[in-house]
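Participant: One structure, pasted below without further comment.
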Amino acid sequence: MSTEGVTKIPKDQIQTIVATDCGSTTTKAILIEKRDGEYRLIVRGEAPTTVEAPFEDVTMGVRNAVTEVEELSGKTLLAPEGVIRPRASDEKGADVYLSTSSAGGGLQMMVAGVVKTMTAESAERAALGAGAIVMDAISVDDGRLPHQKISRIRQLRPDMILLSGGVDGGTIAHVSQIAELIAAADPRPRLGIGFQLPVIFAGNKDARGHVRDTLGESLDLRLVDNIRPVLEEEVLEPAREEIHNLFMEHVMAQAPGYNKLMGWTDAPIMPTPGAVGLGIQNVAKQYKMEVLGVDIGGATTDVFSVFAGTFNRTVSANLGMSYSICNVLLETGLDSISRWLPMSVSEEALRSRIRNKMIRPTTIPHSLEELVVEQALAREALRLAFEHHKTLATGLKGIRQARDMGDTFDQKVSGATLVNMMTLGMILGSGGVLSHAPRRVQSALMMLDAFQPEGVTRLAVDSIFMMPQLGVLATVHPEASAQVFDRDCLVCLGSSIAPVPQEGIRMENLRDSTPVKVTLTMPDGTERVETLGFGEIRLIPLEEGSVAQAHVEPGRRWDVGEGTGRAMDVEVEGGIVGLIIDARGRPVFLEKEEADRRKQIRNWIEALDIYPMDALMKYIEEGRAV
């Protein structure tokens, strides 16, 4: 991201920070202050976003959210011209004001490349990493006829198009073909009637002349370094930088009130998903581990990951917990949802609940059975979004890999997913269904069931969805961002230990096995031994801030990270939930017979104290569950 326009106040003099996130429905504001030598969240406020009619001025929502912060903190932060800066006193003004935004639909892009699984996929990764929703990916080999591609480009009206294709010095024919399709479509931007649609060309540098001749007059063409200068290399940052610049120049400049807001901020406004992605990358650096993050909303689910030093983001635009909840049902099916329920539910009743949530998207569960159904749906939405993520978080496709004799039987190939659940260090969840679950252990189990981590993994949630503001703050003051994230944003749920069965063994053949034995040296010095049979899950109390020493011995046909049957010693961190030992297998083994499966689910609920068992059993016994 460009640092042009970033505040010039020395970092050691920054005492008060105001940051907002203008979401599609709600604008959130936070106040951060330096107290006793460290930065802490003081208060937060929120108000409806006002980018649409009848207000059509995003700064009204910002003012309303910051006004709530003023009322809660007793400070004066606003003047007619915006947030007061520089700070006049401890009680008036702020040193820094920052903002992110996804209002007005966020950043919507199309990408295009020569080969669907190579340059078009690299372009998609570049756009997603910059915080965009990718509406479609056009390529020479995508199976559509030229007139279909032209119609699609014309119909979607994206905010901008990212065009890639070809290695430097390679053929220009196919790149020119894609450019000619875009020119024939003569696309119009979503915002700003009369403005030219921005097109970023990040392909073969030898094709620049032809692309300029084809697109330069009718569209706002920008040229950046090739995304794939050679097949073995992917260079995404120049394209992401230009996407952000154009987001400011075109998308933000045309959205109602954003010109005014841009004049208030001390650093460029960032797309909300881009800021969250930056926050996830900072978490990976801060904790020196591989991280998986997820933000599950009403309409979309974003998944972020850092594996092997590579950042990836995907948007599942049709998987959410309210507006697109029926798409979750459509993609996964009723059986996949009901398999997580501890009670039998009729198909009609389950469909009715899901449809009611879609037509009343702002409602929250008001009974236990509604909560159980919603969290079953969340597991499937998270699982599907993660499966989508794994298909894009891959190594580069199409490259030749040198192999020696030791690699002969190695199954790794170019384009294999980078996601490795055994090396994953932390899962960080956000979004209402995870951040605001009535019991924190419910969030932990939803993430365990959806992502199924292996070995030893930390589990955490974003307490009040501050990741966007902290992500943009990291570009101005990394230390303040890290301190607030660690102390006020991150809610440590605890850790999980999950043994994995030896590859190739059927789960049914492991019923009589002992997957794991864990010997814990607790913080007070006492020793605790936990031996789990196949299919069990167990919760060990371990307070937040506490660390236990664990000697983990997997069964003969099980692995916890050191190889089949090999023990390991590891530190496990506690949290609000504690330590969860999960011996249910990977993938989690569920009984085939419905009655057995319901009993199995209830056993897990009771073992972790997920729901009040008395109330749950009463619903089941009276036959009025759902």
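Chain labels follow the order of the structure tokens: the first chain is A, the next B, and so on; residue numbering restarts at 1 in every chain, and ligands are counted from 1 in their shown order.
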Residues within 10 Å of Arg598 of chain A, please, as number ranges by chain. Count only C-alpha atoms; anything in the same chain fewer than 3 positions from it doesn't count.
Facilitator: A: 338-344, 590-591, 593-595, 601-603
Participant: Using C-alpha atoms, can you write the selected residues to a file as a CSV table (one decimal), in the first residue's frame?
Facilitator:
```
chain,number,residue,atom,x,y,z
A,338,SER,CA,-28.7,-32.1,9.9
A,339,ARG,CA,-25.7,-34.4,10.6
A,340,TRP,CA,-24.5,-31.8,13.1
A,341,LEU,CA,-27.8,-31.7,15.0
A,342,PRO,CA,-28.3,-33.6,18.3
A,343,MET,CA,-32.0,-34.0,17.5
A,344,SER,CA,-34.1,-35.3,14.6
A,590,LEU,CA,-19.7,-39.6,12.2
A,591,GLU,CA,-21.9,-42.7,12.7
A,593,GLU,CA,-27.1,-44.6,11.6
A,594,GLU,CA,-29.1,-41.5,12.5
A,595,ALA,CA,-29.9,-42.6,16.1
A,601,ILE,CA,-23.3,-35.6,18.9
A,602,ARG,CA,-25.0,-35.3,22.3
A,603,ASN,CA,-22.0,-37.0,23.9
```
Participant: Would you list the contacts of Ala126 of chain A as a PyMOL selection string, taking every protein, DNA or RNA residue within 12 Å and counting only C-alpha atoms, but skipping same-chain residues closer than 2 positions in sequence?
Facilitator: chain A and resi 109-112+119-124+128-134+161-164+200+202+226-228+234-244+274+311-314+392-393
Participant: Which residue gives the smallest distance to His366 of chain A among A:Pro438, A:Gly574, A:Gly106, A:Gly37, with only C-alpha atoms counted?
Facilitator: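 Closest to His366 of chain A of all the choices is A:Pro438.
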Participant: I'd like the contact shell of segment 416-427 of chain A - 8 Å cut-off, only C-alpha atoms, skipping same-chain residues fewer than 2 positions apart - returned as a PDB file with N, CA and C atoms, in the first residue's frame.
Facilitator:
```pdb
ATOM      1  N   MET A 289       4.032 -17.897  13.162  1.00  0.00           N
ATOM      2  CA  MET A 289       3.360 -19.164  12.900  1.00  0.00           C
ATOM      3  C   MET A 289       2.466 -19.037  11.675  1.00  0.00           C
ATOM      4  N   GLU A 290       2.035 -20.178  11.151  1.00  0.00           N
ATOM      5  CA  GLU A 290       1.088 -20.184  10.049  1.00  0.00           C
ATOM      6  C   GLU A 290      -0.314 -19.950  10.615  1.00  0.00           C
ATOM      7  N   VAL A 291      -1.090 -19.109   9.918  1.00  0.00           N
ATOM      8  CA  VAL A 291      -2.367 -18.640  10.460  1.00  0.00           C
ATOM      9  C   VAL A 291      -3.466 -18.827   9.424  1.00  0.00           C
ATOM     10  N   LEU A 292      -4.639 -19.220   9.910  1.00  0.00           N
ATOM     11  CA  LEU A 292      -5.854 -19.294   9.099  1.00  0.00           C
ATOM     12  C   LEU A 292      -6.886 -18.385   9.743  1.00  0.00           C
ATOM     13  N   GLY A 293      -7.418 -17.437   8.968  1.00  0.00           N
ATOM     14  CA  GLY A 293      -8.426 -16.519   9.477  1.00  0.00           C
ATOM     15  C   GLY A 293      -9.703 -16.631   8.671  1.00  0.00           C
ATOM     16  N   PHE A 307       0.458 -19.572   4.711  1.00  0.00           N
ATOM     17  CA  PHE A 307       1.143 -20.857   4.763  1.00  0.00           C
ATOM     18  C   PHE A 307       2.432 -20.751   3.959  1.00  0.00           C
ATOM     19  N   ALA A 308       3.506 -21.268   4.526  1.00  0.00           N
ATOM     20  CA  ALA A 308       4.814 -21.248   3.858  1.00  0.00           C
ATOM     21  C   ALA A 308       5.187 -19.828   3.432  1.00  0.00           C
ATOM     22  N   LYS A 390      -8.945 -23.651  -0.319  1.00  0.00           N
ATOM     23  CA  LYS A 390      -7.849 -24.589  -0.601  1.00  0.00           C
ATOM     24  C   LYS A 390      -7.586 -24.742  -2.092  1.00  0.00           C
ATOM     25  N   THR A 391      -8.619 -24.537  -2.922  1.00  0.00           N
ATOM     26  CA  THR A 391      -8.416 -24.662  -4.366  1.00  0.00           C
ATOM     27  C   THR A 391      -7.655 -23.480  -4.946  1.00  0.00           C
ATOM     28  N   LEU A 392      -7.658 -22.334  -4.250  1.00  0.00           N
ATOM     29  CA  LEU A 392      -6.953 -21.160  -4.764  1.00  0.00           C
ATOM     30  C   LEU A 392      -5.640 -20.904  -4.034  1.00  0.00           C
ATOM     31  N   ALA A 393      -5.530 -21.360  -2.799  1.00  0.00           N
ATOM     32  CA  ALA A 393      -4.282 -21.201  -2.045  1.00  0.00           C
ATOM     33  C   ALA A 393      -3.343 -22.339  -2.442  1.00  0.00           C
ATOM     34  N   THR A 394      -2.776 -22.206  -3.641  1.00  0.00           N
ATOM     35  CA  THR A 394      -1.976 -23.281  -4.219  1.00  0.00           C
ATOM     36  C   THR A 394      -0.619 -22.764  -4.667  1.00  0.00           C
ATOM     37  N   GLY A 395       0.281 -23.708  -4.935  1.00  0.00           N
ATOM     38  CA  GLY A 395       1.519 -23.366  -5.605  1.00  0.00           C
ATOM     39  C   GLY A 395       1.225 -23.009  -7.054  1.00  0.00           C
ATOM     40  N   LYS A 412       3.576 -34.689  -4.281  1.00  0.00           N
ATOM     41  CA  LYS A 412       3.403 -33.257  -4.456  1.00  0.00           C
ATOM     42  C   LYS A 412       3.597 -32.873  -5.918  1.00  0.00           C
ATOM     43  N   VAL A 413       2.729 -32.052  -6.424  1.00  0.00           N
ATOM     44  CA  VAL A 413       2.804 -31.616  -7.816  1.00  0.00           C
ATOM     45  C   VAL A 413       2.634 -30.102  -7.857  1.00  0.00           C
ATOM     46  N   SER A 414       3.003 -29.503  -9.010  1.00  0.00           N
ATOM     47  CA  SER A 414       2.791 -28.068  -9.138  1.00  0.00           C
ATOM     48  C   SER A 414       1.302 -27.788  -9.050  1.00  0.00           C
ATOM     49  N   GLY A 429     -11.110 -16.644  14.182  1.00  0.00           N
ATOM     50  CA  GLY A 429     -12.450 -16.496  13.636  1.00  0.00           C
ATOM     51  C   GLY A 429     -13.047 -15.137  13.952  1.00  0.00           C
ATOM     52  N   MET A 447     -15.320 -24.142  14.873  1.00  0.00           N
ATOM     53  CA  MET A 447     -14.080 -24.070  14.095  1.00  0.00           C
ATOM     54  C   MET A 447     -13.407 -25.432  14.001  1.00  0.00           C
ATOM     55  N   GLN A 452     -11.208 -28.606  11.027  1.00  0.00           N
ATOM     56  CA  GLN A 452     -10.582 -29.862  11.412  1.00  0.00           C
ATOM     57  C   GLN A 452      -9.050 -29.770  11.452  1.00  0.00           C
ATOM     58  N   PRO A 453      -8.538 -28.902  12.334  1.00  0.00           N
ATOM     59  CA  PRO A 453      -7.080 -28.771  12.467  1.00  0.00           C
ATOM     60  C   PRO A 453      -6.448 -30.051  12.974  1.00  0.00           C
ATOM     61  N   GLU A 454      -5.166 -30.208  12.681  1.00  0.00           N
ATOM     62  CA  GLU A 454      -4.427 -31.408  13.055  1.00  0.00           C
ATOM     63  C   GLU A 454      -3.256 -31.032  13.949  1.00  0.00           C
ATOM     64  N   GLY A 455      -2.815 -31.974  14.779  1.00  0.00           N
ATOM     65  CA  GLY A 455      -1.710 -31.690  15.682  1.00  0.00           C
ATOM     66  C   GLY A 455      -2.127 -30.703  16.749  1.00  0.00           C
ATOM     67  N   VAL A 456      -1.278 -29.712  17.027  1.00  0.00           N
ATOM     68  CA  VAL A 456      -1.535 -28.716  18.076  1.00  0.00           C
ATOM     69  C   VAL A 456      -1.823 -27.373  17.412  1.00  0.00           C
ATOM     70  N   THR A 457      -2.965 -26.771  17.734  1.00  0.00           N
ATOM     71  CA  THR A 457      -3.401 -25.525  17.096  1.00  0.00           C
ATOM     72  C   THR A 457      -4.039 -24.615  18.129  1.00  0.00           C
ATOM     73  N   ARG A 458      -3.710 -23.318  18.070  1.00  0.00           N
ATOM     74  CA  ARG A 458      -4.375 -22.337  18.928  1.00  0.00           C
ATOM     75  C   ARG A 458      -5.683 -21.902  18.280  1.00  0.00           C
ATOM     76  N   LEU A 459      -6.681 -21.628  19.104  1.00  0.00           N
ATOM     77  CA  LEU A 459      -7.986 -21.166  18.628  1.00  0.00           C
ATOM     78  C   LEU A 459      -8.274 -19.799  19.239  1.00  0.00           C
ATOM     79  N   ALA A 460      -8.763 -18.867  18.403  1.00  0.00           N
ATOM     80  CA  ALA A 460      -9.040 -17.518  18.895  1.00  0.00           C
ATOM     81  C   ALA A 460     -10.153 -16.902  18.066  1.00  0.00           C
ATOM     82  N   VAL A 560       0.606 -36.998  15.514  1.00  0.00           N
ATOM     83  CA  VAL A 560       0.312 -35.667  16.041  1.00  0.00           C
ATOM     84  C   VAL A 560       1.306 -34.625  15.539  1.00  0.00           C
ATOM     85  N   GLY A 561       2.083 -34.979  14.524  1.00  0.00           N
ATOM     86  CA  GLY A 561       2.999 -34.012  13.932  1.00  0.00           C
ATOM     87  C   GLY A 561       4.429 -34.466  13.801  1.00  0.00           C
TER      88      GLY A 561
END
```
Participant: Calculated over only C-alpha atoms, which of the candidates A:Ala137, A:Tyr258, A:Val476, A:Val224 has the smallest distance to Thr50 of chain A?
Facilitator: A:Tyr258
Participant: Taking the DSSP secondary structure from the backbone, can you list the residues of segment 288-440 of chain A that are strand (DSSP E or B), as a short mmCIF file (atom, residue, chain, number, x, y, z; two decimals) with C-alpha atoms, in the first residue's frame?
Facilitator:
```
data_model
loop_
_atom_site.label_atom_id
_atom_site.label_comp_id
_atom_site.auth_asym_id
_atom_site.auth_seq_id
_atom_site.Cartn_x
_atom_site.Cartn_y
_atom_site.Cartn_z
CA GLU A 290 1.09 -20.18 10.05
CA VAL A 291 -2.37 -18.64 10.46
CA LEU A 292 -5.85 -19.29 9.10
CA GLY A 293 -8.43 -16.52 9.48
CA VAL A 294 -12.12 -16.44 8.61
CA ASP A 295 -14.74 -13.70 8.57
CA ILE A 296 -18.25 -15.11 8.19
CA THR A 301 -17.44 -15.63 3.95
CA ASP A 302 -13.83 -14.50 3.55
CA VAL A 303 -11.00 -16.92 4.31
CA PHE A 304 -7.42 -15.71 4.80
CA SER A 305 -4.29 -17.79 5.26
CA VAL A 306 -0.55 -17.54 5.57
CA PHE A 307 1.14 -20.86 4.76
CA THR A 310 2.47 -16.99 1.28
CA PHE A 311 -0.67 -14.95 1.91
CA ASN A 312 -3.94 -15.92 0.25
CA ARG A 313 -7.50 -14.70 0.51
CA THR A 314 -10.71 -16.06 -0.99
CA VAL A 315 -14.25 -14.71 -0.99
CA SER A 316 -17.17 -17.11 -1.05
CA THR A 394 -1.98 -23.28 -4.22
CA THR A 417 -2.64 -26.59 -2.15
CA LEU A 424 -1.11 -24.59 11.16
CA GLY A 425 -0.42 -22.62 14.34
CA MET A 426 -3.62 -20.58 14.84
CA ILE A 427 -7.21 -20.34 13.65
CA LEU A 428 -8.69 -16.85 14.09
CA GLY A 429 -12.45 -16.50 13.64
CA SER A 430 -14.60 -13.40 13.27
#
```
Participant: For atom CA of Pro256 of chain A and atom CA of Asn64 of chain A, determine how far apart the two atoms are, in Å to one decimal place.
Facilitator: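 Those two atoms sit 16.3 Å apart.
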Participant: Can you pull out the residues contacting Asp559 of chain A? Cut-off 12 Å, using only C-alpha atoms, and skip same-chain residues under 2 positions away; I want them as a PyMOL selection string.
Facilitator: chain A and resi 422+454-456+497-503+514-517+552-557+561-568+583+585-586
Participant: Could the residues in this selection be written to a file with C-alpha atoms, as an mmCIF file, in the first residue's frame?
Facilitator:
```cif
data_model
loop_
_atom_site.group_PDB
_atom_site.id
_atom_site.type_symbol
_atom_site.label_atom_id
_atom_site.label_comp_id
_atom_site.auth_asym_id
_atom_site.auth_seq_id
_atom_site.Cartn_x
_atom_site.Cartn_y
_atom_site.Cartn_z
ATOM 1 C CA MET A 422 -0.602 -30.127 10.621
ATOM 2 C CA GLU A 454 -4.427 -31.408 13.055
ATOM 3 C CA GLY A 455 -1.710 -31.690 15.682
ATOM 4 C CA VAL A 456 -1.535 -28.716 18.076
ATOM 5 C CA ILE A 497 -4.625 -31.417 20.219
ATOM 6 C CA ALA A 498 -5.922 -33.570 17.366
ATOM 7 C CA PRO A 499 -4.250 -36.838 16.321
ATOM 8 C CA VAL A 500 -4.624 -37.884 12.678
ATOM 9 C CA PRO A 501 -5.030 -41.506 11.542
ATOM 10 C CA GLN A 502 -2.360 -43.071 9.373
ATOM 11 C CA GLU A 503 -3.028 -42.462 5.699
ATOM 12 C CA THR A 514 -6.458 -45.422 21.455
ATOM 13 C CA PRO A 515 -5.653 -42.367 19.347
ATOM 14 C CA VAL A 516 -3.731 -40.397 21.970
ATOM 15 C CA LYS A 517 -2.412 -40.238 25.518
ATOM 16 C CA VAL A 552 1.719 -36.270 23.576
ATOM 17 C CA GLU A 553 1.855 -39.987 22.691
ATOM 18 C CA PRO A 554 -0.172 -40.927 19.609
ATOM 19 C CA GLY A 555 -1.471 -44.449 19.100
ATOM 20 C CA ARG A 556 0.323 -46.952 16.865
ATOM 21 C CA ARG A 557 -1.574 -45.815 13.770
ATOM 22 C CA GLY A 561 2.999 -34.012 13.932
ATOM 23 C CA GLU A 562 6.166 -36.031 14.450
ATOM 24 C CA GLY A 563 5.194 -39.044 12.367
ATOM 25 C CA THR A 564 3.017 -42.109 12.909
ATOM 26 C CA GLY A 565 3.301 -43.394 16.475
ATOM 27 C CA ARG A 566 5.961 -40.850 17.459
ATOM 28 C CA ALA A 567 5.560 -38.868 20.696
ATOM 29 C CA MET A 568 6.317 -35.186 21.039
ATOM 30 C CA ALA A 583 -9.727 -37.887 19.131
ATOM 31 C CA GLY A 585 -10.428 -38.658 13.686
ATOM 32 C CA ARG A 586 -9.753 -36.639 10.540
#
```
Participant: Segment 126-173 of chain A: which residues are alpha helix (DSSP H) by DSSP, as a PyMOL selection string?
Facilitator: chain A and resi 126-129+146-156+173
Participant: Fewer than 2 positions away in the same chain doesn't count, so skip those; otherwise give me all residues within 8 Å of segment 519-529 of chain A, counting only C-alpha atoms, as a ChimeraX atom specification.
Facilitator: /A:517,531,546-552
Participant: If you count only C-alpha atoms, which residues fall within 12 Å of Ala437 of chain A, apart from same-chain ones fewer than 3 positions away, as a PDB file with N, CA and C atoms, in the first residue's frame?
Facilitator:
```
ATOM      1  N   ILE A 364     -31.729 -12.764  15.320  1.00  0.00           N
ATOM      2  CA  ILE A 364     -30.786 -13.670  15.961  1.00  0.00           C
ATOM      3  C   ILE A 364     -31.584 -14.764  16.663  1.00  0.00           C
ATOM      4  N   PRO A 365     -30.978 -15.928  16.911  1.00  0.00           N
ATOM      5  CA  PRO A 365     -31.715 -17.029  17.556  1.00  0.00           C
ATOM      6  C   PRO A 365     -32.265 -16.605  18.911  1.00  0.00           C
ATOM      7  N   LEU A 371     -30.684 -21.750  17.940  1.00  0.00           N
ATOM      8  CA  LEU A 371     -29.233 -21.587  18.043  1.00  0.00           C
ATOM      9  C   LEU A 371     -28.503 -22.824  17.523  1.00  0.00           C
ATOM     10  N   VAL A 372     -29.005 -24.004  17.883  1.00  0.00           N
ATOM     11  CA  VAL A 372     -28.381 -25.256  17.439  1.00  0.00           C
ATOM     12  C   VAL A 372     -28.408 -25.357  15.907  1.00  0.00           C
ATOM     13  N   GLU A 374     -28.695 -22.830  13.712  1.00  0.00           N
ATOM     14  CA  GLU A 374     -27.834 -21.798  13.119  1.00  0.00           C
ATOM     15  C   GLU A 374     -26.368 -22.203  13.175  1.00  0.00           C
ATOM     16  N   GLN A 375     -25.941 -22.780  14.285  1.00  0.00           N
ATOM     17  CA  GLN A 375     -24.536 -23.159  14.393  1.00  0.00           C
ATOM     18  C   GLN A 375     -24.202 -24.377  13.533  1.00  0.00           C
ATOM     19  N   ALA A 378     -23.659 -22.786  10.242  1.00  0.00           N
ATOM     20  CA  ALA A 378     -22.365 -22.098  10.225  1.00  0.00           C
ATOM     21  C   ALA A 378     -21.233 -23.074   9.949  1.00  0.00           C
ATOM     22  N   GLY A 429     -11.110 -16.644  14.182  1.00  0.00           N
ATOM     23  CA  GLY A 429     -12.450 -16.496  13.636  1.00  0.00           C
ATOM     24  C   GLY A 429     -13.047 -15.137  13.952  1.00  0.00           C
ATOM     25  N   SER A 430     -13.850 -14.625  13.026  1.00  0.00           N
ATOM     26  CA  SER A 430     -14.603 -13.396  13.273  1.00  0.00           C
ATOM     27  C   SER A 430     -15.920 -13.470  12.522  1.00  0.00           C
ATOM     28  N   GLY A 431     -16.790 -12.514  12.792  1.00  0.00           N
ATOM     29  CA  GLY A 431     -18.151 -12.570  12.267  1.00  0.00           C
ATOM     30  C   GLY A 431     -19.093 -12.931  13.400  1.00  0.00           C
ATOM     31  N   GLY A 432     -20.325 -12.466  13.308  1.00  0.00           N
ATOM     32  CA  GLY A 432     -21.269 -12.575  14.409  1.00  0.00           C
ATOM     33  C   GLY A 432     -21.428 -13.970  14.984  1.00  0.00           C
ATOM     34  N   VAL A 433     -21.557 -14.982  14.132  1.00  0.00           N
ATOM     35  CA  VAL A 433     -21.832 -16.332  14.623  1.00  0.00           C
ATOM     36  C   VAL A 433     -20.667 -16.880  15.440  1.00  0.00           C
ATOM     37  N   LEU A 434     -19.438 -16.402  15.182  1.00  0.00           N
ATOM     38  CA  LEU A 434     -18.269 -16.853  15.943  1.00  0.00           C
ATOM     39  C   LEU A 434     -17.932 -15.894  17.084  1.00  0.00           C
ATOM     40  N   ARG A 440     -18.328 -19.276  24.529  1.00  0.00           N
ATOM     41  CA  ARG A 440     -17.124 -19.280  23.703  1.00  0.00           C
ATOM     42  C   ARG A 440     -16.765 -20.686  23.213  1.00  0.00           C
ATOM     43  N   VAL A 441     -17.112 -21.699  23.998  1.00  0.00           N
ATOM     44  CA  VAL A 441     -16.791 -23.065  23.593  1.00  0.00           C
ATOM     45  C   VAL A 441     -17.560 -23.455  22.329  1.00  0.00           C
ATOM     46  N   GLN A 442     -18.716 -22.819  22.101  1.00  0.00           N
ATOM     47  CA  GLN A 442     -19.456 -23.080  20.860  1.00  0.00           C
ATOM     48  C   GLN A 442     -18.646 -22.632  19.646  1.00  0.00           C
ATOM     49  N   SER A 443     -17.994 -21.463  19.742  1.00  0.00           N
ATOM     50  CA  SER A 443     -17.132 -20.980  18.665  1.00  0.00           C
ATOM     51  C   SER A 443     -15.982 -21.948  18.425  1.00  0.00           C
ATOM     52  N   ALA A 444     -15.382 -22.433  19.516  1.00  0.00           N
ATOM     53  CA  ALA A 444     -14.262 -23.365  19.385  1.00  0.00           C
ATOM     54  C   ALA A 444     -14.683 -24.630  18.649  1.00  0.00           C
ATOM     55  N   LEU A 445     -15.840 -25.207  19.022  1.00  0.00           N
ATOM     56  CA  LEU A 445     -16.270 -26.458  18.387  1.00  0.00           C
ATOM     57  C   LEU A 445     -16.675 -26.227  16.934  1.00  0.00           C
ATOM     58  N   MET A 446     -17.308 -25.071  16.626  1.00  0.00           N
ATOM     59  CA  MET A 446     -17.649 -24.788  15.237  1.00  0.00           C
ATOM     60  C   MET A 446     -16.391 -24.758  14.364  1.00  0.00           C
ATOM     61  N   VAL A 461     -10.799 -15.868  18.621  1.00  0.00           N
ATOM     62  CA  VAL A 461     -11.783 -15.092  17.880  1.00  0.00           C
ATOM     63  C   VAL A 461     -11.477 -13.608  18.062  1.00  0.00           C
ATOM     64  N   ASP A 462     -11.923 -12.814  17.085  1.00  0.00           N
ATOM     65  CA  ASP A 462     -11.846 -11.361  17.153  1.00  0.00           C
ATOM     66  C   ASP A 462     -13.023 -10.905  18.016  1.00  0.00           C
ATOM     67  N   SER A 463     -12.727 -10.231  19.114  1.00  0.00           N
ATOM     68  CA  SER A 463     -13.762  -9.931  20.110  1.00  0.00           C
ATOM     69  C   SER A 463     -14.893  -9.081  19.549  1.00  0.00           C
ATOM     70  N   ILE A 464     -14.553  -7.987  18.872  1.00  0.00           N
ATOM     71  CA  ILE A 464     -15.591  -7.066  18.380  1.00  0.00           C
ATOM     72  C   ILE A 464     -15.303  -6.641  16.948  1.00  0.00           C
ATOM     73  N   ILE A 610     -21.366 -27.622  25.634  1.00  0.00           N
ATOM     74  CA  ILE A 610     -21.681 -26.710  24.535  1.00  0.00           C
ATOM     75  C   ILE A 610     -23.016 -26.005  24.773  1.00  0.00           C
ATOM     76  N   TYR A 611     -24.038 -26.779  25.125  1.00  0.00           N
ATOM     77  CA  TYR A 611     -25.372 -26.230  25.398  1.00  0.00           C
ATOM     78  C   TYR A 611     -25.841 -26.763  26.755  1.00  0.00           C
TER      79      TYR A 611
END
```
Participant: Which residues come within 7 Å of Gly320 of chain A, counting only C-alpha atoms, excluding same-chain residues fewer than 3 positions away, as a PyMOL selection string?
Facilitator: chain A and resi 296-301+323-325+381
Participant: With distances taken over only C-alpha atoms, which residue among A:Gly578, A:Gly82, A:Pro468, A:Pro541 lies nearest Ile30 of chain A?
Facilitator: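 Closest to Ile30 of chain A of all the choices is A:Pro468.
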Participant: Just give me the gap between atom CA of Val18 of chain A and atom CA of Met252 of chain A in Å, one decimal is fine.
Facilitator: 20.0 Å
Participant: Can you measure atom CA of Pro48 of chain A to atom CA of Ser322 of chain A for me? One decimal in Å is fine.
Facilitator: 17.7 Å
Participant: Find the residue from A:Ile280, A:Leu223, A:Ile17, A:Leu542 that sits nearest to Leu77 of chain A; use only C-alpha atoms when measuring.
Facilitator: A:Ile17
Participant: Using only C-alpha atoms for the distances, tell me which of A:Glu233, A:Glu479, A:Glu544, A:Asp449 is nearest to Lys397 of chain A.
Facilitator: A:Glu233
Participant: Restricting the calculation to only C-alpha atoms, which member of A:Thr76, A:Ser336, A:Asn509, A:Ser102 is positioned closest to Ala255 of chain A?
Facilitator: A:Ser102
